[in-house]
$ cat start_4.tsv   # TSV, C-alpha atoms
chain	number	residue	atom	x	y	z
A	1	MET	CA	-34.17	33.39	40.50
A	2	ALA	CA	-36.69	31.04	41.87
A	3	LYS	CA	-38.90	32.63	44.44
A	4	VAL	CA	-37.76	31.97	47.96
A	5	LYS	CA	-40.66	30.89	50.10
A	6	PRO	CA	-40.29	30.26	53.82
A	7	ARG	CA	-42.67	27.83	55.47
A	8	VAL	CA	-42.94	27.08	59.17
A	9	LYS	CA	-45.09	24.82	61.26
A	10	VAL	CA	-45.79	26.20	64.73
A	11	PRO	CA	-48.67	25.16	66.97
A	12	LYS	CA	-51.22	27.95	67.31
A	13	LYS	CA	-51.91	27.17	70.94
A	14	ALA	CA	-49.81	25.82	73.75
A	15	LYS	CA	-49.90	25.55	77.51
A	16	ALA	CA	-47.53	27.81	79.43
A	17	GLY	CA	-44.30	25.91	80.02
A	18	GLU	CA	-45.12	23.33	77.36
A	19	THR	CA	-42.41	22.16	74.97
A	20	ILE	CA	-43.41	22.47	71.34
A	21	THR	CA	-41.72	21.28	68.17
A	22	ILE	CA	-41.14	23.78	65.42
A	23	LYS	CA	-40.47	22.74	61.83
A	24	THR	CA	-39.16	25.13	59.22
A	25	LEU	CA	-38.46	24.85	55.53
A	26	ILE	CA	-37.36	27.43	53.00
A	27	SER	CA	-37.13	26.91	49.28
A	28	HIS	CA	-33.60	27.79	48.26
A	29	PRO	CA	-31.13	26.12	45.85
A	30	MET	CA	-28.20	26.29	48.36
A	31	GLU	CA	-25.67	26.47	45.52
A	32	SER	CA	-22.55	25.05	47.16
A	33	GLY	CA	-19.91	26.69	44.99
A	34	GLN	CA	-18.50	23.24	44.16
A	35	ARG	CA	-20.65	22.49	41.14
A	36	LYS	CA	-19.60	23.24	37.58
A	37	ASP	CA	-21.81	24.48	34.80
A	38	ARG	CA	-22.00	21.52	32.40
A	39	LYS	CA	-21.94	23.73	29.28
A	40	THR	CA	-19.21	26.21	30.14
A	41	GLY	CA	-17.23	24.15	32.66
A	42	GLU	CA	-17.08	27.11	35.00
A	43	LEU	CA	-17.85	26.94	38.69
A	44	ILE	CA	-21.30	28.11	39.67
A	45	PRO	CA	-20.74	30.74	42.38
A	46	ARG	CA	-21.74	29.89	45.92
A	47	LYS	CA	-25.13	31.15	47.03
A	48	ILE	CA	-26.57	29.69	50.20
A	49	ILE	CA	-28.56	30.62	53.25
A	50	ASN	CA	-25.78	31.13	55.77
A	51	LYS	CA	-27.76	31.97	58.88
A	52	PHE	CA	-31.05	30.97	60.44
A	53	VAL	CA	-32.33	32.61	63.61
A	54	ALA	CA	-35.55	32.05	65.52
A	55	THR	CA	-36.58	34.48	68.24
A	56	PHE	CA	-39.50	34.44	70.64
A	57	ASN	CA	-40.64	37.90	71.80
A	58	GLY	CA	-37.16	39.13	70.95
A	59	GLU	CA	-35.27	36.40	72.82
A	60	THR	CA	-33.13	34.09	70.73
A	61	VAL	CA	-34.35	30.50	70.66
A	62	VAL	CA	-31.92	29.05	68.15
A	63	ASP	CA	-29.19	30.60	66.06
A	64	PHE	CA	-27.82	28.33	63.33
A	65	THR	CA	-24.74	29.07	61.24
A	66	ILE	CA	-24.96	27.11	58.02
A	67	ASP	CA	-22.29	25.85	55.63
A	68	PRO	CA	-22.75	24.65	52.04
A	69	ALA	CA	-23.12	21.06	53.25
A	70	VAL	CA	-26.73	21.72	54.22
A	71	SER	CA	-29.11	20.41	51.55
A	72	ALA	CA	-31.12	22.47	49.12
A	73	ASN	CA	-34.39	23.72	50.59
A	74	PRO	CA	-32.91	23.73	54.10
A	75	TYR	CA	-35.11	22.12	56.71
A	76	PHE	CA	-34.74	22.64	60.45
A	77	GLU	CA	-36.64	21.17	63.32
A	78	PHE	CA	-36.16	22.05	66.97
A	79	ASP	CA	-37.94	22.12	70.32
A	80	MET	CA	-38.86	25.18	72.28
A	81	VAL	CA	-40.50	25.92	75.62
A	82	VAL	CA	-43.38	28.38	75.54
A	83	PRO	CA	-43.17	30.56	78.66
A	84	GLU	CA	-45.98	32.94	77.66
A	85	ALA	CA	-48.08	34.01	74.69
A	86	GLY	CA	-46.08	35.68	72.01
A	87	THR	CA	-44.66	35.71	68.53
A	88	VAL	CA	-41.96	33.54	67.04
A	89	ARG	CA	-39.97	35.27	64.36
A	90	PHE	CA	-37.86	33.32	61.87
A	91	GLU	CA	-35.12	34.90	59.79
A	92	TRP	CA	-33.00	33.37	57.05
A	93	THR	CA	-30.01	35.34	55.76
A	94	ASP	CA	-28.83	34.78	52.20
A	95	ASP	CA	-25.23	35.09	50.97
A	96	ASP	CA	-26.30	38.09	48.92
A	97	GLY	CA	-27.49	39.88	52.06
A	98	ALA	CA	-31.21	39.30	51.52
A	99	VAL	CA	-33.20	38.40	54.62
A	100	TYR	CA	-36.33	36.27	54.39
A	101	ASP	CA	-38.59	36.34	57.40
A	102	ILE	CA	-41.90	35.05	58.70
A	103	GLU	CA	-43.72	35.42	62.01
A	104	LYS	CA	-46.14	33.13	63.82
A	105	SER	CA	-47.99	33.88	67.01
A	106	ILE	CA	-48.63	31.38	69.78
A	107	ALA	CA	-51.58	31.73	72.13
A	108	VAL	CA	-51.35	30.33	75.64
A	109	THR	CA	-54.22	28.23	76.95
A	110	ALA	CA	-54.80	27.52	80.61
B	1	MET	CA	11.82	-11.48	74.44
B	2	GLU	CA	12.07	-14.03	71.74
B	3	LEU	CA	9.76	-13.37	68.84
B	4	THR	CA	8.24	-16.61	67.61
B	5	ARG	CA	6.48	-16.97	64.31
B	6	ARG	CA	3.14	-17.20	66.15
B	7	ASP	CA	3.79	-13.94	68.03
B	8	ALA	CA	4.77	-12.18	64.85
B	9	LEU	CA	1.54	-13.25	63.18
B	10	LEU	CA	-0.52	-12.06	66.15
B	11	ILE	CA	1.19	-8.69	66.18
B	12	GLY	CA	0.70	-8.38	62.45
B	13	ALA	CA	-3.00	-9.20	62.70
B	14	GLY	CA	-3.43	-6.71	65.55
B	15	ALA	CA	-1.72	-3.96	63.62
B	16	ALA	CA	-3.86	-4.63	60.58
B	17	ALA	CA	-7.03	-4.53	62.68
B	18	ALA	CA	-5.96	-1.27	64.32
B	19	ALA	CA	-5.23	0.27	60.93
B	20	ALA	CA	-8.58	-0.84	59.52
B	21	LEU	CA	-10.70	0.38	62.45
B	22	PRO	CA	-10.70	4.12	61.77
B	23	LEU	CA	-12.16	4.61	58.31
B	24	PRO	CA	-9.41	5.32	55.84
B	25	ALA	CA	-9.45	9.07	56.27
B	26	LEU	CA	-6.82	10.96	54.38
B	27	ALA	CA	-4.34	12.97	56.40
B	28	ALA	CA	-5.52	16.20	54.80
B	29	GLU	CA	-9.12	15.51	55.76
B	30	GLN	CA	-8.08	14.79	59.32
B	31	ALA	CA	-6.09	18.02	59.47
B	32	ALA	CA	-9.08	20.03	58.22
B	33	MET	CA	-11.28	18.33	60.81
B	34	ASP	CA	-8.85	19.04	63.65
B	35	GLU	CA	-8.59	22.64	62.55
B	36	ALA	CA	-12.38	23.07	62.49
B	37	ILE	CA	-12.74	21.50	65.93
B	38	ALA	CA	-9.92	23.63	67.35
B	39	ALA	CA	-11.52	26.78	65.95
B	40	PHE	CA	-14.75	25.84	67.75
B	41	THR	CA	-13.25	24.78	71.08
B	42	GLY	CA	-10.39	27.23	71.19
B	43	GLY	CA	-8.02	24.36	71.88
B	44	ALA	CA	-9.90	23.05	74.95
B	45	ALA	CA	-9.97	19.33	75.66
B	46	VAL	CA	-12.87	17.37	74.14
B	47	THR	CA	-14.28	14.27	75.84
B	48	GLU	CA	-15.91	11.48	73.91
B	49	GLY	CA	-19.58	10.73	74.46
B	50	GLY	CA	-22.63	12.68	75.54
B	51	VAL	CA	-23.66	13.74	72.06
B	52	GLU	CA	-26.51	11.97	70.31
B	53	ILE	CA	-26.38	11.80	66.53
B	54	GLY	CA	-29.33	10.36	64.69
B	55	ALA	CA	-28.63	9.45	61.08
B	56	PRO	CA	-29.45	6.61	58.72
B	57	GLU	CA	-26.88	3.83	58.55
B	58	ILE	CA	-27.12	3.84	54.78
B	59	ALA	CA	-28.14	6.96	52.87
B	60	GLU	CA	-29.15	6.23	49.30
B	61	ASN	CA	-29.06	9.85	48.23
B	62	GLY	CA	-26.18	11.91	49.56
B	63	ASN	CA	-27.96	15.11	48.58
B	64	THR	CA	-30.39	14.99	51.48
B	65	VAL	CA	-29.36	12.95	54.47
B	66	PRO	CA	-31.62	13.57	57.46
B	67	ILE	CA	-29.67	13.97	60.68
B	68	GLU	CA	-30.52	14.88	64.23
B	69	VAL	CA	-28.09	16.07	66.87
B	70	GLY	CA	-28.62	16.66	70.53
B	71	ALA	CA	-26.65	16.94	73.74
B	72	ALA	CA	-28.11	17.50	77.18
B	73	GLY	CA	-27.26	20.97	78.41
B	74	ALA	CA	-25.50	22.02	75.22
B	75	ALA	CA	-25.20	25.71	74.44
B	76	SER	CA	-24.02	25.04	70.91
B	77	ILE	CA	-23.24	22.09	68.69
B	78	LEU	CA	-20.79	22.04	65.78
B	79	ILE	CA	-21.49	19.46	63.07
B	80	LEU	CA	-18.73	18.25	60.77
B	81	ALA	CA	-18.52	15.71	57.98
B	82	ASP	CA	-15.00	14.42	57.40
B	83	GLY	CA	-15.37	13.29	53.79
B	84	ASN	CA	-16.84	16.45	52.30
B	85	PRO	CA	-14.77	19.01	50.36
B	86	ASN	CA	-15.15	21.29	53.40
B	87	PRO	CA	-15.76	19.60	56.74
B	88	GLY	CA	-18.11	22.24	58.15
B	89	VAL	CA	-21.84	21.46	58.02
B	90	ALA	CA	-23.49	23.79	60.51
B	91	THR	CA	-23.24	25.28	63.97
B	92	PHE	CA	-26.36	25.21	66.11
B	93	ASN	CA	-26.57	27.71	68.98
B	94	PHE	CA	-29.36	27.14	71.46
B	95	GLY	CA	-30.95	29.86	73.55
B	96	LYS	CA	-32.60	29.45	76.96
B	97	LEU	CA	-35.97	28.54	75.46
B	98	ALA	CA	-34.53	25.66	73.41
B	99	THR	CA	-34.21	23.48	76.50
B	100	ALA	CA	-33.88	20.15	74.74
B	101	SER	CA	-30.81	21.30	72.76
B	102	THR	CA	-31.71	19.03	69.87
B	103	ALA	CA	-32.30	19.90	66.26
B	104	SER	CA	-32.71	18.09	62.97
B	105	THR	CA	-31.84	19.08	59.46
B	106	ARG	CA	-30.88	17.56	56.12
B	107	ILE	CA	-27.33	17.63	54.88
B	108	ARG	CA	-25.20	16.75	51.87
B	109	LEU	CA	-22.62	14.00	52.07
B	110	ALA	CA	-20.14	13.52	49.23
B	111	LYS	CA	-19.33	9.89	50.10
B	112	THR	CA	-19.38	7.35	52.90
B	113	GLN	CA	-17.95	9.13	55.91
B	114	ASN	CA	-18.21	10.04	59.58
B	115	ILE	CA	-20.43	12.74	60.94
B	116	VAL	CA	-18.83	14.34	63.97
B	117	ALA	CA	-20.68	16.55	66.41
B	118	VAL	CA	-18.88	18.62	69.03
B	119	ALA	CA	-21.05	20.16	71.70
B	120	LYS	CA	-20.19	23.04	73.99
B	121	LEU	CA	-21.95	22.52	77.30
B	122	GLU	CA	-23.20	25.32	79.49
B	123	ASP	CA	-20.32	24.84	81.93
B	124	GLY	CA	-17.85	25.50	79.10
B	125	SER	CA	-16.63	21.92	78.61
B	126	PHE	CA	-16.74	20.12	75.28
B	127	VAL	CA	-18.04	16.68	74.36
B	128	LYS	CA	-17.92	14.87	71.05
B	129	GLY	CA	-19.70	12.08	69.25
B	130	SER	CA	-19.45	10.58	65.81
B	131	ARG	CA	-21.38	8.30	63.53
B	132	THR	CA	-20.66	6.65	60.20
B	133	VAL	CA	-23.07	7.02	57.32
B	134	LYS	CA	-22.72	4.92	54.18
B	135	VAL	CA	-23.61	6.91	51.09
B	136	THR	CA	-24.73	5.18	47.89
B	137	ILE	CA	-24.83	8.23	45.61
B	138	GLY	CA	-22.72	11.22	46.61
B	139	GLY	CA	-24.27	14.62	47.05
B	140	CYS	CA	-21.63	17.04	45.80
B	141	GLY	CA	-20.71	18.17	42.33
B	142	GLY	CA	-22.77	16.77	39.51

$ encode --input "start_4.tsv" --output "structure tokens"
Amino acid sequence: MAKVKPRVKVPKKAKAGETITIKTLISHPMESGQRKDRKTGELIPRKIINKFVATFNGETVVDFTIDPAVSANPYFEFDMVVPEAGTVRFEWTDDDGAVYDIEKSIAVTA
Amino acid sequence: MELTRRDALLIGAGAAAAAALPLPALAAEQAAMDEAIAAFTGGAAVTEGGVEIGAPEIAENGNTVPIEVGAAGAASILILADGNPNPGVATFNFGKLATASTASTRIRLAKTQNIVAVAKLEDGSFVKGSRTVKVTIGGCGG
């Protein structure tokens, strides 16, 4: 299996109360379960990221439920308000139960 | 009322226009869409408008179509595509910190079709928006 690598873009610093844009990308084939193997003619079993959650200091920012119609290497972009300094944690859940995660901290400037 | 030839033609033209307006969606697709929306809303009434969908008018590659959805004050947004094998695309739930309630992603579209977004607002009501995307090369199977 290709290595799954999560990548996120989060500003390192923000003002308290500022709205920031977060971009996330994870390398994943997102096998839809609709495709057939060209040699054997059999369906390739579904294997996708079915859940993406971002939390800030434990509080949920976004919680996305994902169906096979989301493209390979799923990309998500969303806005978030920074109330205080803290850590954003991103979690992707695979169909096979694996969880890929990454954390980024945000410092608050005056 | 007497039906003249002119009236009959007008009625015929009107009926044809009405039939052509909604994209030729198959009954089965429509049923799957209605079912998905009902599962999300729990049967509550859905009003048109209030949901922004950003998508290209023509997508050359149906494998990655960039879309953006947003609705002011939405707690969650359900995204559906009526021409895909399964209509569900994703459900976005927004927490208190995601004040803008907008998000973008990239999706697969099998053919030219409508993207429908149903948003649940914080007061519990539902709003809906839709947008047609023309797809040159489909993004399923292969």

$ residues_near_point --input "start_4.tsv" --point "(-44.0, 29.6, 82.2)" --cutoff "7 Å" --atoms "all atoms listed in the file" --output "list of chain:residue names"
A:Ala16, A:Gly17, A:Val82, A:Pro83, A:Glu84

$ write_last_selection --input "start_4.tsv" --atoms "C-alpha atoms" --output "CSV table (one decimal), keeping the file's coordinate frame"
chain,number,residue,atom,x,y,z
A,16,ALA,CA,-47.5,27.8,79.4
A,17,GLY,CA,-44.3,25.9,80.0
A,82,VAL,CA,-43.4,28.4,75.5
A,83,PRO,CA,-43.2,30.6,78.7
A,84,GLU,CA,-46.0,32.9,77.7

$ interface_residues --input "start_4.tsv" --of "chain A" --to "chain B" --cutoff "12 Å" --atoms "only C-alpha atoms" --output "PyMOL selection string"
chain A and resi 17-26+29-38+41+43-44+49-84+88

$ residues_around --input "start_4.tsv" --residues "Glu103 (chain A)" --least-positions-apart "4" --cutoff "8 Å" --atoms "all atoms listed in the file" --output "list in words"
Thr87, Val88, Arg89 and Phe90 of chain A

$ atom_distance --input "start_4.tsv" --atom1 "CA of Lys3 (chain A)" --atom2 "CA of Ala98 (chain A)"
12.4 Å

$ atom_distance --input "start_4.tsv" --atom1 "CA of Ala14 (chain A)" --atom2 "CA of Ala71 (chain B)"
24.8 Å

$ residues_around --input "start_4.tsv" --residues "region 56-60 of chain B" --least-positions-apart "6" --cutoff "8 Å" --atoms "all atoms listed in the file" --output "VMD selection string"
chain B and resid 66 to 67 132 to 137

$ residues_around --input "start_4.tsv" --residues "Gly42 (chain B)" --least-positions-apart "3" --cutoff "12 Å" --atoms "all atoms listed in the file" --output "number ranges by chain"
B: 34-39, 45-46, 120, 124-126

$ closest_residue --input "start_4.tsv" --among "A:Ala110, A:Pro45, A:Lys39, A:Ile102" --to "Val4 (chain A)" --atoms "all atoms listed in the file"
A:Ile102

$ atom_distance --input "start_4.tsv" --atom1 "CA of Lys111 (chain B)" --atom2 "CA of His28 (chain A)"
23.0 Å

$ decode --input "start_4.tsv" --residues "region 27-54 of chain B" --atoms "C-alpha atoms" --output "mmCIF file, in the first residue's frame"
data_model
loop_
_atom_site.group_PDB
_atom_site.id
_atom_site.type_symbol
_atom_site.label_atom_id
_atom_site.label_comp_id
_atom_site.auth_asym_id
_atom_site.auth_seq_id
_atom_site.Cartn_x
_atom_site.Cartn_y
_atom_site.Cartn_z
ATOM 1 C CA ALA B 27 -36.783 8.341 -11.715
ATOM 2 C CA ALA B 28 -34.475 6.009 -9.814
ATOM 3 C CA GLU B 29 -31.874 8.734 -9.359
ATOM 4 C CA GLN B 30 -34.530 11.108 -8.090
ATOM 5 C CA ALA B 31 -35.781 8.504 -5.628
ATOM 6 C CA ALA B 32 -32.263 7.929 -4.294
ATOM 7 C CA MET B 33 -31.801 11.686 -3.934
ATOM 8 C CA ASP B 34 -35.097 12.122 -2.092
ATOM 9 C CA GLU B 35 -34.212 9.258 0.207
ATOM 10 C CA ALA B 36 -30.799 10.747 1.021
ATOM 11 C CA ILE B 37 -32.315 14.164 1.715
ATOM 12 C CA ALA B 38 -35.064 12.656 3.878
ATOM 13 C CA ALA B 39 -32.484 10.699 5.880
ATOM 14 C CA PHE B 40 -30.642 13.963 6.550
ATOM 15 C CA THR B 41 -33.646 16.158 7.352
ATOM 16 C CA GLY B 42 -35.785 13.548 9.044
ATOM 17 C CA GLY B 43 -38.657 14.503 6.763
ATOM 18 C CA ALA B 44 -38.627 18.222 7.667
ATOM 19 C CA ALA B 45 -39.518 20.798 5.032
ATOM 20 C CA VAL B 46 -36.628 22.179 2.967
ATOM 21 C CA THR B 47 -36.690 25.723 1.579
ATOM 22 C CA GLU B 48 -34.865 26.681 -1.579
ATOM 23 C CA GLY B 49 -32.032 29.187 -1.398
ATOM 24 C CA GLY B 50 -29.524 30.280 1.209
ATOM 25 C CA VAL B 51 -26.860 27.769 0.263
ATOM 26 C CA GLU B 52 -23.878 28.857 -1.788
ATOM 27 C CA ILE B 53 -22.302 26.280 -4.064
ATOM 28 C CA GLY B 54 -19.131 27.177 -5.887
#
